[in-house]
$ cat structure.cif   # mmCIF, C-alpha atoms and all ligand atoms
data_work
loop_
_atom_site.label_atom_id
_atom_site.label_comp_id
_atom_site.auth_asym_id
_atom_site.auth_seq_id
_atom_site.Cartn_x
_atom_site.Cartn_y
_atom_site.Cartn_z
CA MET A 1 0.00 0.00 0.00
CA GLU A 2 1.29 3.43 -0.93
CA VAL A 3 0.60 5.94 1.82
CA SER A 4 2.96 8.81 2.53
CA PRO A 5 5.11 8.04 5.58
CA LEU A 6 3.15 8.34 8.80
CA ARG A 7 4.36 9.14 12.28
CA ILE A 8 2.59 6.76 14.63
CA ALA A 9 2.43 6.76 18.45
CA MET A 10 1.73 3.22 19.71
CA LEU A 11 0.78 2.69 23.33
CA SER A 12 1.39 -0.47 25.31
CA VAL A 13 1.38 0.88 28.85
CA HIS A 14 1.23 -2.25 31.01
CA SER A 15 3.21 -4.74 28.96
CA CYS A 16 6.60 -4.19 27.34
CA PRO A 17 6.59 -5.51 23.76
CA VAL A 18 10.05 -6.99 24.25
CA GLY A 19 9.20 -8.55 27.64
CA LYS A 20 9.43 -12.26 28.45
CA LEU A 21 6.77 -14.05 26.37
CA GLY A 22 4.68 -16.67 28.12
CA THR A 23 4.85 -14.94 31.52
CA LYS A 24 1.97 -13.28 33.36
CA ASP A 25 1.18 -10.21 31.25
CA THR A 26 3.26 -10.85 28.16
CA GLY A 27 1.99 -12.86 25.23
CA GLY A 28 0.44 -12.48 21.80
CA MET A 29 -0.22 -8.76 22.20
CA SER A 30 3.49 -8.06 22.63
CA VAL A 31 4.34 -10.07 19.53
CA TYR A 32 1.60 -8.24 17.61
CA ILE A 33 2.88 -4.77 18.55
CA ARG A 34 6.54 -5.62 17.95
CA GLU A 35 6.08 -7.32 14.59
CA LEU A 36 3.55 -4.80 13.29
CA ALA A 37 5.77 -1.86 14.28
CA ARG A 38 8.84 -3.41 12.67
CA GLU A 39 6.98 -4.13 9.44
CA MET A 40 5.68 -0.57 9.33
CA GLY A 41 9.14 0.78 10.05
CA ARG A 42 10.54 -1.21 7.13
CA ARG A 43 7.97 0.53 4.90
CA GLY A 44 9.17 3.97 5.94
CA HIS A 45 6.60 4.79 8.64
CA LEU A 46 7.99 6.13 11.90
CA VAL A 47 6.73 4.29 14.95
CA ASP A 48 7.30 5.19 18.59
CA ILE A 49 6.02 2.59 21.07
CA TYR A 50 5.46 3.94 24.58
CA THR A 51 5.45 1.56 27.53
CA ARG A 52 5.98 1.91 31.27
CA SER A 53 9.46 1.58 32.62
CA HIS A 54 10.19 -1.79 34.24
CA GLY A 55 12.92 -0.83 36.62
CA SER A 56 16.12 1.19 36.43
CA ALA A 57 17.88 -1.47 34.34
CA CYS A 58 15.99 -0.66 31.14
CA ASP A 59 17.19 2.08 28.79
CA LYS A 60 14.76 4.94 28.27
CA VAL A 61 14.83 4.59 24.48
CA VAL A 62 15.50 1.29 22.72
CA ASP A 63 15.96 0.93 18.98
CA LEU A 64 13.68 -1.89 17.74
CA GLY A 65 14.63 -1.74 14.08
CA THR A 66 14.43 0.66 11.15
CA ASN A 67 12.27 3.65 12.13
CA VAL A 68 10.96 1.97 15.31
CA ARG A 69 11.74 3.17 18.84
CA LEU A 70 10.57 1.79 22.17
CA VAL A 71 10.29 4.54 24.78
CA HIS A 72 10.03 3.68 28.49
CA LEU A 73 8.17 6.16 30.68
CA GLY A 74 8.23 6.12 34.48
CA ALA A 75 4.59 5.42 35.49
CA GLY A 76 4.37 2.82 38.26
CA ASP A 77 8.18 2.73 38.45
CA GLY A 78 8.24 -0.86 37.28
CA GLU A 79 6.57 -2.25 40.38
CA ALA A 80 4.66 -5.45 39.67
CA VAL A 81 1.26 -3.98 40.56
CA ASN A 82 -1.85 -5.71 39.25
CA LYS A 83 -3.08 -4.29 35.96
CA ALA A 84 -6.11 -2.37 37.22
CA GLY A 85 -3.83 -1.00 39.98
CA LEU A 86 -2.02 0.89 37.23
CA PHE A 87 -5.10 2.94 36.40
CA PRO A 88 -4.41 5.79 38.88
CA SER A 89 -0.90 6.26 37.46
CA LEU A 90 -2.11 6.63 33.87
CA GLU A 91 -2.40 10.39 34.15
CA ASP A 92 1.27 10.54 35.13
CA PHE A 93 2.07 8.33 32.20
CA PHE A 94 0.26 10.68 29.84
CA ARG A 95 2.01 13.71 31.38
CA GLU A 96 5.38 12.05 30.74
CA LEU A 97 4.33 11.07 27.27
CA GLU A 98 3.37 14.65 26.56
CA ALA A 99 6.66 15.94 28.00
CA SER A 100 8.66 13.45 25.94
CA ARG A 101 6.74 14.35 22.77
CA SER A 102 7.08 18.09 23.18
CA SER A 103 10.78 17.91 24.11
CA GLU A 104 11.38 16.39 20.68
CA ALA A 105 8.79 18.64 19.00
CA LEU A 106 7.09 15.56 17.55
CA ARG A 107 3.73 15.66 15.82
CA TYR A 108 2.05 12.30 15.38
CA ASP A 109 -0.45 11.55 12.62
CA LEU A 110 -2.33 9.05 14.75
CA VAL A 111 -2.28 7.18 18.02
CA HIS A 112 -2.80 3.41 18.13
CA SER A 113 -3.39 2.02 21.61
CA HIS A 114 -3.38 -1.59 22.82
CA TYR A 115 -5.47 -2.88 25.76
CA TRP A 116 -7.91 -0.82 27.81
CA LEU A 117 -5.28 0.85 30.03
CA SER A 118 -3.45 2.19 26.98
CA GLY A 119 -6.83 3.08 25.49
CA GLN A 120 -7.40 5.53 28.32
CA VAL A 121 -4.05 7.22 27.62
CA GLY A 122 -4.81 7.11 23.90
CA TRP A 123 -8.06 8.94 24.52
CA TRP A 124 -6.23 11.78 26.29
CA ALA A 125 -3.82 11.94 23.34
CA GLN A 126 -6.75 11.96 20.91
CA GLU A 127 -8.25 14.94 22.76
CA ARG A 128 -5.05 16.89 23.43
CA TRP A 129 -3.24 16.29 20.14
CA ARG A 130 -6.41 16.30 18.02
CA ILE A 131 -5.36 13.25 16.06
CA PRO A 132 -7.23 10.03 15.18
CA HIS A 133 -7.17 7.27 17.78
CA LEU A 134 -7.39 3.56 16.94
CA LEU A 135 -7.87 1.15 19.81
CA MET A 136 -7.33 -2.59 19.99
CA PHE A 137 -8.56 -4.13 23.26
CA HIS A 138 -6.94 -7.59 22.67
CA THR A 139 -9.31 -9.03 25.33
CA LEU A 140 -12.49 -7.69 26.91
CA GLY A 141 -13.21 -7.73 30.65
CA ALA A 142 -16.93 -8.31 30.08
CA VAL A 143 -16.23 -11.46 28.07
CA LYS A 144 -13.97 -12.82 30.81
CA ASN A 145 -16.63 -12.19 33.45
CA ALA A 146 -19.30 -13.84 31.31
CA LEU A 147 -17.12 -16.91 30.76
CA PHE A 148 -16.35 -17.40 34.41
CA HIS A 149 -19.87 -16.44 35.60
CA ARG A 150 -18.36 -14.12 38.18
CA GLN A 151 -16.59 -10.78 38.49
CA VAL A 152 -12.99 -11.79 37.71
CA GLU A 153 -12.40 -8.38 36.11
CA PRO A 154 -13.19 -5.14 37.99
CA GLU A 155 -16.14 -2.90 37.18
CA LEU A 156 -13.62 -0.15 36.40
CA ARG A 157 -12.38 -2.14 33.42
CA ILE A 158 -15.88 -2.97 32.17
CA THR A 159 -17.11 0.65 32.26
CA THR A 160 -13.85 2.06 30.89
CA GLU A 161 -13.91 -0.36 27.96
CA LYS A 162 -17.48 0.60 27.09
CA GLN A 163 -16.70 4.29 27.31
CA LEU A 164 -13.53 4.01 25.23
CA ALA A 165 -15.29 1.90 22.63
CA ALA A 166 -17.79 4.73 22.21
CA ASP A 167 -15.20 7.55 22.22
CA CYS A 168 -12.26 6.34 20.12
CA ASP A 169 -12.24 6.85 16.35
CA ARG A 170 -11.84 3.23 15.30
CA ILE A 171 -11.84 -0.10 17.10
CA LEU A 172 -9.77 -2.97 15.79
CA ALA A 173 -10.23 -6.64 16.60
CA ALA A 174 -7.97 -9.57 15.73
CA SER A 175 -10.84 -11.88 14.73
CA GLU A 176 -14.47 -11.79 13.60
CA ARG A 177 -15.39 -13.51 16.85
CA GLU A 178 -13.84 -10.67 18.88
CA LYS A 179 -15.72 -8.19 16.69
CA GLU A 180 -18.98 -9.93 17.64
CA HIS A 181 -17.95 -9.73 21.32
CA LEU A 182 -17.51 -5.97 20.94
CA VAL A 183 -20.98 -5.66 19.43
CA ARG A 184 -22.59 -7.86 22.08
CA PHE A 185 -20.76 -6.80 25.24
CA CYS A 186 -19.85 -3.15 24.52
CA GLY A 187 -22.83 -2.17 22.35
CA VAL A 188 -20.54 -1.10 19.51
CA PRO A 189 -22.03 -0.81 15.99
CA ARG A 190 -20.60 -3.52 13.76
CA GLU A 191 -19.32 -0.98 11.21
CA ALA A 192 -17.20 0.74 13.89
CA VAL A 193 -14.94 -2.31 14.13
CA GLY A 194 -12.22 -3.33 11.69
CA VAL A 195 -10.68 -6.79 11.75
CA VAL A 196 -6.90 -6.98 11.41
CA PRO A 197 -5.66 -10.46 12.36
CA CYS A 198 -2.34 -11.70 13.72
CA GLY A 199 0.45 -12.90 11.48
CA VAL A 200 3.39 -15.23 11.83
CA ASP A 201 7.08 -14.81 11.10
CA LEU A 202 7.28 -17.43 8.35
CA GLY A 203 11.07 -17.22 8.29
CA ARG A 204 11.41 -18.15 11.94
CA PHE A 205 8.46 -20.55 12.24
CA ARG A 206 9.13 -23.43 9.84
CA PRO A 207 9.38 -27.22 10.24
CA VAL A 208 12.79 -28.35 11.47
CA GLY A 209 11.98 -32.10 11.25
CA LYS A 210 10.45 -34.10 14.08
CA ALA A 211 13.46 -36.37 14.66
CA ARG A 212 15.92 -33.48 14.71
CA ALA A 213 13.72 -31.38 16.96
CA ARG A 214 13.25 -34.23 19.44
CA GLU A 215 16.95 -34.96 19.50
CA GLN A 216 17.68 -31.29 20.15
CA LEU A 217 15.19 -31.25 23.05
CA GLY A 218 16.24 -34.64 24.46
CA LEU A 219 12.79 -36.18 23.83
CA ASP A 220 12.00 -39.85 23.23
CA PRO A 221 11.66 -40.33 19.44
CA ASP A 222 8.87 -42.90 19.92
CA GLU A 223 6.54 -41.16 22.36
CA SER A 224 3.41 -39.35 21.23
CA VAL A 225 3.97 -35.71 22.12
CA LEU A 226 1.23 -33.19 22.92
CA LEU A 227 2.19 -29.55 23.34
CA TYR A 228 0.69 -26.56 25.12
CA VAL A 229 2.27 -23.10 24.67
CA GLY A 230 1.21 -19.98 26.52
CA ARG A 231 0.67 -18.17 29.77
CA PHE A 232 -0.54 -20.20 32.76
CA ALA A 233 -3.83 -18.36 33.18
CA ALA A 234 -7.19 -19.88 34.17
CA LEU A 235 -8.82 -18.88 30.91
CA LYS A 236 -6.28 -20.95 28.97
CA GLY A 237 -8.03 -24.16 30.13
CA ILE A 238 -4.85 -26.13 30.84
CA ASP A 239 -6.78 -28.15 33.44
CA ARG A 240 -9.05 -29.66 30.80
CA LEU A 241 -6.03 -30.49 28.65
CA LEU A 242 -4.58 -32.43 31.58
CA GLU A 243 -7.87 -34.32 31.90
CA ALA A 244 -7.89 -35.03 28.17
CA THR A 245 -4.31 -36.30 28.47
CA ALA A 246 -5.41 -38.66 31.25
CA HIS A 247 -8.06 -40.09 28.86
CA LEU A 248 -5.48 -40.62 26.13
CA LYS A 249 -2.83 -42.13 28.37
CA ARG A 250 -4.81 -45.36 28.64
CA ASN A 251 -3.62 -46.60 25.25
CA ARG A 252 -0.64 -44.42 24.48
CA ASP A 253 2.98 -43.87 25.31
CA LEU A 254 2.46 -40.22 25.80
CA ARG A 255 4.11 -36.95 26.86
CA LEU A 256 2.49 -33.57 27.40
CA MET A 257 4.86 -30.59 27.29
CA LEU A 258 3.68 -27.39 28.92
CA VAL A 259 5.65 -24.39 27.68
CA GLY A 260 5.30 -21.01 29.41
CA GLY A 261 4.37 -19.84 32.90
CA ASP A 262 6.18 -17.97 35.63
CA GLY A 263 8.06 -20.83 37.25
CA GLU A 264 7.41 -23.92 39.37
CA GLN A 265 6.67 -22.08 42.59
CA THR A 266 3.71 -20.05 41.35
CA PRO A 267 0.20 -21.05 42.53
CA GLU A 268 -0.78 -21.79 38.91
CA SER A 269 2.08 -24.28 38.38
CA ARG A 270 1.51 -25.90 41.76
CA GLU A 271 -2.19 -26.40 41.00
CA LEU A 272 -1.42 -27.98 37.63
CA THR A 273 1.17 -30.24 39.26
CA SER A 274 -1.27 -31.46 41.88
CA LEU A 275 -4.01 -31.99 39.28
CA SER A 276 -1.56 -34.04 37.18
CA ARG A 277 -0.76 -36.12 40.27
CA ARG A 278 -4.45 -36.69 41.04
CA LEU A 279 -5.04 -37.76 37.43
CA GLY A 280 -2.09 -40.19 37.60
CA ILE A 281 -0.20 -38.49 34.76
CA LEU A 282 2.47 -36.50 36.61
CA ASP A 283 5.24 -38.65 35.09
CA ARG A 284 3.78 -37.90 31.65
CA VAL A 285 3.77 -34.11 32.00
CA THR A 286 6.87 -31.98 31.46
CA PHE A 287 6.79 -28.45 32.81
CA VAL A 288 9.25 -26.93 30.36
CA GLY A 289 9.03 -23.35 31.66
CA ARG A 290 9.41 -20.25 29.57
CA VAL A 291 11.08 -20.65 26.17
CA ASP A 292 12.57 -17.87 24.02
CA HIS A 293 10.52 -17.09 20.95
CA GLU A 294 13.39 -17.98 18.62
CA ASP A 295 13.57 -21.52 20.13
CA MET A 296 9.84 -22.18 19.80
CA PRO A 297 10.08 -23.82 16.31
CA PHE A 298 11.88 -26.78 17.94
CA TYR A 299 8.99 -27.34 20.36
CA TYR A 300 6.30 -27.04 17.70
CA SER A 301 8.26 -29.32 15.33
CA ALA A 302 8.88 -31.93 18.02
CA ALA A 303 5.17 -32.23 18.87
CA ASP A 304 2.55 -34.38 17.16
CA VAL A 305 -0.24 -31.98 18.14
CA LEU A 306 -0.50 -28.50 19.58
CA ALA A 307 -3.48 -28.21 21.93
CA LEU A 308 -5.22 -24.90 22.54
CA PRO A 309 -7.90 -25.72 25.15
CA SER A 310 -8.75 -22.05 25.94
CA HIS A 311 -11.99 -20.58 27.20
CA TYR A 312 -11.15 -17.31 25.44
CA GLU A 313 -8.65 -15.96 22.91
CA SER A 314 -8.88 -12.79 20.87
CA PHE A 315 -6.90 -14.58 18.12
CA GLY A 316 -4.77 -17.55 19.28
CA LEU A 317 -1.33 -16.84 17.85
CA VAL A 318 0.25 -20.12 18.99
CA ALA A 319 -2.02 -22.04 16.60
CA LEU A 320 -0.68 -20.06 13.64
CA GLU A 321 2.93 -20.59 14.75
CA SER A 322 2.32 -24.32 15.14
CA LEU A 323 0.77 -24.68 11.69
CA ALA A 324 3.67 -22.71 10.18
CA CYS A 325 5.95 -25.35 11.73
CA GLY A 326 3.85 -28.11 10.15
CA THR A 327 2.19 -29.34 13.37
CA PRO A 328 -1.59 -29.86 13.52
CA VAL A 329 -3.70 -28.01 16.08
CA VAL A 330 -6.59 -29.22 18.22
CA THR A 331 -8.48 -26.31 19.68
CA THR A 332 -11.66 -25.10 21.28
CA GLN A 333 -13.91 -22.61 19.44
CA VAL A 334 -11.96 -19.45 20.22
CA GLY A 335 -10.41 -16.49 18.37
CA ALA A 336 -9.73 -17.02 14.69
CA MET A 337 -9.43 -20.82 14.88
CA GLU A 338 -12.13 -21.62 12.32
CA ARG A 339 -10.36 -19.31 9.85
CA ILE A 340 -6.87 -20.70 10.15
CA ILE A 341 -7.57 -24.42 10.57
CA ARG A 342 -8.79 -26.68 7.75
CA GLN A 343 -11.12 -28.89 9.74
CA ASP A 344 -9.89 -32.50 10.09
CA GLU A 345 -6.95 -31.78 7.77
CA THR A 346 -4.61 -29.33 9.48
CA GLY A 347 -6.33 -29.73 12.84
CA CYS A 348 -9.65 -29.80 14.55
CA VAL A 349 -11.87 -27.18 16.18
CA VAL A 350 -13.85 -29.27 18.67
CA GLN A 351 -17.62 -28.87 18.97
CA ASP A 352 -17.52 -29.11 22.73
CA ALA A 353 -14.58 -28.55 25.05
CA SER A 354 -15.03 -31.59 27.26
CA PRO A 355 -11.86 -33.59 28.00
CA PRO A 356 -13.14 -36.76 26.21
CA THR A 357 -13.90 -34.73 23.06
CA LEU A 358 -10.50 -33.03 23.17
CA ALA A 359 -8.85 -36.44 23.68
CA GLU A 360 -10.68 -37.98 20.73
CA ALA A 361 -9.72 -35.04 18.50
CA MET A 362 -6.05 -35.24 19.49
CA GLU A 363 -5.98 -39.01 18.96
CA ALA A 364 -6.82 -38.43 15.28
CA PHE A 365 -3.50 -36.61 14.76
CA LEU A 366 -1.21 -38.90 16.74
CA PRO A 367 1.13 -41.50 15.16
CA GLY A 368 -0.83 -44.27 13.49
CA SER A 369 -3.39 -41.86 12.05
CA LYS A 370 -3.20 -40.36 8.59
CA VAL A 371 -1.73 -36.89 9.04
CA LEU A 372 -0.75 -34.42 6.29
CA PRO A 373 3.00 -33.93 5.74
CA ALA A 374 4.44 -30.98 7.68
CA GLU A 375 5.13 -28.97 4.51
CA GLU A 376 1.49 -29.29 3.44
CA ILE A 377 0.25 -28.09 6.82
CA ARG A 378 2.66 -25.17 6.63
CA ALA A 379 1.47 -24.33 3.10
CA SER A 380 -2.03 -23.72 4.49
CA VAL A 381 -0.87 -20.62 6.41
CA LEU A 382 1.58 -19.05 3.96
CA ASP A 383 -0.78 -16.08 3.47
CA TRP A 384 -0.58 -15.10 7.14
CA SER A 385 2.60 -13.03 7.08
CA TRP A 386 3.19 -9.91 9.19
CA SER A 387 3.60 -8.06 5.93
CA GLY A 388 -0.06 -8.81 5.11
CA VAL A 389 -1.07 -7.67 8.59
CA ALA A 390 0.81 -4.39 8.15
CA SER A 391 -0.90 -3.82 4.78
CA ALA A 392 -4.31 -4.37 6.37
CA MET A 393 -3.45 -2.04 9.24
CA ILE A 394 -2.14 0.71 6.97
CA HIS A 395 -5.37 0.39 5.00
CA GLU A 396 -7.28 1.02 8.25
CA TYR A 397 -5.06 4.01 9.05
CA ALA A 398 -5.50 5.49 5.57
CA LEU A 399 -9.29 5.14 5.64
CA LEU A 400 -9.52 6.77 9.05
CA LEU A 401 -7.20 9.64 8.14
CA GLU A 402 -9.20 10.28 4.98
CA LYS A 403 -12.49 10.18 6.92
CA LYS A 404 -11.12 12.70 9.42
CA ARG A 405 -9.84 14.90 6.61
CA GLN A 406 -13.26 14.86 4.97
CA GLU A 407 -14.92 15.76 8.27
CA CYS A 408 -12.64 18.81 8.44
CA THR A 409 -12.97 19.93 4.83
CA GLY A 410 -16.50 18.72 4.12
CA GLY A 411 -15.67 16.69 1.03
CA PRO A 412 -13.53 13.95 -0.52
CA SER A 413 -9.99 14.82 -1.52
CA ALA A 414 -8.55 14.59 -5.02
CA ASP A 415 -5.59 12.63 -3.67
CA VAL A 416 -7.17 9.93 -1.54
CA PRO A 417 -4.32 7.69 -0.35
CA ILE A 418 -3.65 4.95 -2.88
CA VAL A 419 -4.62 1.67 -1.27
CA GLN A 420 -3.50 -1.59 -2.87
CA THR A 421 -5.64 -4.27 -1.34
CA ASP A 422 -4.01 -7.25 -3.04
CA THR A 423 -1.78 -8.04 -0.09
CA LEU A 424 -4.55 -7.77 2.46
CA ILE A 425 -5.40 -10.93 4.31
N1 LIG A 501 5.54 -17.73 23.91
C1 LIG A 501 6.93 -17.80 23.96
N2 LIG A 501 7.51 -18.50 24.97
C2 LIG A 501 6.80 -19.13 25.93
C3 LIG A 501 5.38 -19.07 25.87
C4 LIG A 501 4.78 -18.36 24.85
O1 LIG A 501 7.63 -17.25 23.10
O2 LIG A 501 7.40 -19.73 26.81
C5 LIG A 501 4.89 -16.94 22.82
C6 LIG A 501 4.19 -17.79 21.79
O3 LIG A 501 5.13 -18.33 20.87
C7 LIG A 501 3.22 -16.76 21.19
C8 LIG A 501 2.84 -15.90 22.39
O4 LIG A 501 3.86 -16.11 23.37
O5 LIG A 501 3.89 -15.97 20.23
C9 LIG A 501 1.48 -16.25 22.96
O6 LIG A 501 0.50 -15.71 22.16
P1 LIG A 501 -1.05 -16.16 22.19
O7 LIG A 501 -1.83 -15.22 21.33
O8 LIG A 501 -1.21 -17.59 21.83
O9 LIG A 501 -1.48 -16.03 23.69
P2 LIG A 501 -1.75 -14.77 24.63
O10 LIG A 501 -0.57 -14.69 25.53
O11 LIG A 501 -1.87 -13.56 23.79
O12 LIG A 501 -2.99 -15.10 25.37
#

$ encode --input "structure.cif" --output "structure tokens" --more "lines below"
Ligand code: UDP
Amino acid sequence: MEVSPLRIAMLSVHSCPVGKLGTKDTGGMSVYIRELAREMGRRGHLVDIYTRSHGSACDKVVDLGTNVRLVHLGAGDGEAVNKAGLFPSLEDFFRELEASRSSEALRYDLVHSHYWLSGQVGWWAQERWRIPHLLMFHTLGAVKNALFHRQVEPELRITTEKQLAADCDRILAASEREKEHLVRFCGVPREAVGVVPCGVDLGRFRPVGKARAREQLGLDPDESVLLYVGRFAALKGIDRLLEATAHLKRNRDLRLMLVGGDGEQTPESRELTSLSRRLGILDRVTFVGRVDHEDMPFYYSAADVLALPSHYESFGLVALESLACGTPVVTTQVGAMERIIRQDETGCVVQDASPPTLAEAMEAFLPGSKVLPAEEIRASVLDWSWSGVASAMIHEYALLLEKKRQECTGGPSADVPIVQTDTLI
């Protein structure tokens, strides 16, 4: 897409986009921001990502690639407060953002905020700087509360999300399902929401060969290997994956690898360990811990199946990474799963999320079943590059900027930005 170079302020207040993936508050959203910003930078757009400082050890400004800077601001002083606990310090964050911007005499063309906390800061920027504001919630508090049938997310988040959804200039969602959530839970008109999905780094995520990957990781070449990748959060449904694994164990030499989490001593890990013990599968479960993103292709390639047993995902990036590595995915009906999986070929989206159903679906992709070759599975996701995501996002930016321009001048311009839609996903 040809759009004259834009200067973009991206906001990721609570989570640093180069933080440790798989830990408490750092996951797909960080990858999304980082990869999108880098792709935009490569195309000549200037992107500054603002996040809160996480201690004195981090540099104030970090170069993330061509035309992309990560700027740490002092709100919260890096203390590990809970997310909603950051809300009172957001005004300070905005004050610092404003000071940083004016000290460099920067003028942004638009502000793109991620998650509700950043959305609040983005709204102040929208008002003060008089520039368009795009907001991506990544997850919604109201959906989490509905799923768990109780108030797991504070009222502050629910009301702020509704207000921001009404006040920002454009809402973006990573999947059609999340768009429907916005309509249903935040009362947003469908046309106010654009869908720009996640992508995958196809250079990094590729099959390395099952035998080689298993040798590298010290895994038994003959075991059936199930894999889970992600944060250890209740809404990820790891407990039902453990139960499904217990079903499968009856007739299988099996290993379940759990990648991610904040270490063995956290309550989440301890609970999963004791559930594994109760189910009689503790010797079958490997708590791998956190793995660097660049090493993930070995884990995906070593596995027979990636399981995504979540209650809720706004997209479900790990499924895309797994498919790019040639490994089938068994998943619940979350995020963009129906769009990226070819049912019963590259994986299975289960009709119900009960452990026996998950077990039956995984069985169909384990050794002894007819499974597509890794390269064929990978071929099914070759359109999902970050470059395509950046094209779709720039298209959104261009449409919004033109709409705003028309609102100011009262008519269409002769030089509407040229938008090539051929690379859009
Ligand atoms: N991830 C990682 N190391 C880990 C665990 C997770 O690099 O130990 C990465 C994983 O490869 C993916 C992201 O974290 O890129 C998780 O994204 P997803 O959308 O699946 O989950 P979210 O965290 O957003 O709920």

$ residues_around --input "structure.cif" --residues "Leu366 in chain A" --least-positions-apart "5" --cutoff "10 Å" --atoms "all atoms listed in the file" --output "number ranges by chain"
A: 223-226, 252, 254, 303-305, 328, 361, 371

$ closest_residue --input "structure.cif" --among "A:Met393, A:Ala364, A:Leu258, A:Met29" --to "Leu317 in chain A" --atoms "all atoms listed in the file"
A:Met29

$ closest_atom_pairs --input "structure.cif" --of "chain A" --to "ligand LIG 501 (chain A)" --cutoff "10 Å" --atoms "all atoms listed in the file" --output "Markdown table"
| residue | atom | partner | partner_atom | distance |
| --- | --- | --- | --- | --- |
| A:Gly19 | CA | A:LIG501 | O1 | 9.9 |
| A:Lys20 | CA | A:LIG501 | N2 | 7.4 |
| A:Leu21 | CA | A:LIG501 | C1 | 4.5 |
| A:Gly22 | CA | A:LIG501 | C3 | 3.4 |
| A:Thr23 | CA | A:LIG501 | C3 | 7.0 |
| A:Lys24 | CA | A:LIG501 | O10 | 8.4 |
| A:Asp25 | CA | A:LIG501 | O10 | 7.5 |
| A:Thr26 | CA | A:LIG501 | O10 | 6.0 |
| A:Gly27 | CA | A:LIG501 | O10 | 3.2 |
| A:Gly28 | CA | A:LIG501 | O11 | 3.2 |
| A:Met29 | CA | A:LIG501 | O11 | 5.3 |
| A:Ser30 | CA | A:LIG501 | O11 | 7.8 |
| A:Val31 | CA | A:LIG501 | O5 | 6.0 |
| A:Tyr32 | CA | A:LIG501 | O5 | 8.5 |
| A:His138 | CA | A:LIG501 | O11 | 7.9 |
| A:Thr139 | CA | A:LIG501 | O12 | 8.8 |
| A:Cys198 | CA | A:LIG501 | O7 | 8.4 |
| A:Gly199 | CA | A:LIG501 | O5 | 9.9 |
| A:Val200 | CA | A:LIG501 | O5 | 8.4 |
| A:Asp201 | CA | A:LIG501 | O5 | 9.7 |
| A:Phe205 | CA | A:LIG501 | O3 | 9.5 |
| A:Tyr228 | CA | A:LIG501 | C3 | 8.9 |
| A:Val229 | CA | A:LIG501 | C3 | 5.2 |
| A:Gly230 | CA | A:LIG501 | C4 | 4.3 |
| A:Arg231 | CA | A:LIG501 | O10 | 5.6 |
| A:Phe232 | CA | A:LIG501 | O10 | 9.1 |
| A:Ala233 | CA | A:LIG501 | O12 | 8.5 |
| A:Leu235 | CA | A:LIG501 | O12 | 8.9 |
| A:Lys236 | CA | A:LIG501 | O12 | 7.6 |
| A:Leu258 | CA | A:LIG501 | O2 | 8.8 |
| A:Val259 | CA | A:LIG501 | O2 | 5.1 |
| A:Gly260 | CA | A:LIG501 | O2 | 3.6 |
| A:Gly261 | CA | A:LIG501 | O2 | 6.8 |
| A:Asp262 | CA | A:LIG501 | O2 | 9.1 |
| A:Val288 | CA | A:LIG501 | O2 | 8.2 |
| A:Gly289 | CA | A:LIG501 | O2 | 6.3 |
| A:Arg290 | CA | A:LIG501 | O2 | 3.5 |
| A:Val291 | CA | A:LIG501 | O2 | 3.8 |
| A:Asp292 | CA | A:LIG501 | O1 | 5.1 |
| A:His293 | CA | A:LIG501 | O1 | 3.6 |
| A:Glu294 | CA | A:LIG501 | O1 | 7.3 |
| A:Asp295 | CA | A:LIG501 | O1 | 7.9 |
| A:Met296 | CA | A:LIG501 | O3 | 6.2 |
| A:Pro297 | CA | A:LIG501 | O3 | 8.7 |
| A:Tyr299 | CA | A:LIG501 | O3 | 9.8 |
| A:Tyr300 | CA | A:LIG501 | O3 | 9.3 |
| A:Leu308 | CA | A:LIG501 | O8 | 8.4 |
| A:Ser310 | CA | A:LIG501 | O12 | 9.0 |
| A:Tyr312 | CA | A:LIG501 | O12 | 8.5 |
| A:Glu313 | CA | A:LIG501 | O12 | 6.2 |
| A:Ser314 | CA | A:LIG501 | O7 | 7.5 |
| A:Phe315 | CA | A:LIG501 | O7 | 6.0 |
| A:Gly316 | CA | A:LIG501 | O7 | 4.3 |
| A:Leu317 | CA | A:LIG501 | O7 | 3.9 |
| A:Val318 | CA | A:LIG501 | O8 | 4.1 |
| A:Ala319 | CA | A:LIG501 | O8 | 6.9 |
| A:Leu320 | CA | A:LIG501 | O8 | 8.6 |
| A:Glu321 | CA | A:LIG501 | O3 | 6.9 |
| A:Ser322 | CA | A:LIG501 | O3 | 8.8 |
| A:Gly335 | CA | A:LIG501 | O7 | 9.2 |

$ closest_residue --input "structure.cif" --among "A:Ile33, A:Asp109, A:Asp92, A:Pro373" --to "Ala398 in chain A" --atoms "all atoms listed in the file"
A:Asp109

$ atom_distance --input "structure.cif" --atom1 "CA of Arg405 in chain A" --atom2 "CA of Ile8 in chain A"
16.9 Å

$ residues_around --input "structure.cif" --residues "Asp283 in chain A" --least-positions-apart "4" --cutoff "10 Å" --atoms "all atoms listed in the file" --output "VMD selection string"
chain A and resid 254 to 256 276 to 277

$ write_last_selection --input "structure.cif" --atoms "C-alpha atoms" --output "tab-separated table (two decimals), keeping the file's coordinate frame"
chain	number	residue	atom	x	y	z
A	254	LEU	CA	2.46	-40.22	25.80
A	255	ARG	CA	4.11	-36.95	26.86
A	256	LEU	CA	2.49	-33.57	27.40
A	276	SER	CA	-1.56	-34.04	37.18
A	277	ARG	CA	-0.76	-36.12	40.27

$ closest_residue --input "structure.cif" --among "A:Val188, A:Leu241, A:Val13, A:Ala234" --to "Phe148 in chain A" --atoms "only C-alpha atoms"
A:Ala234
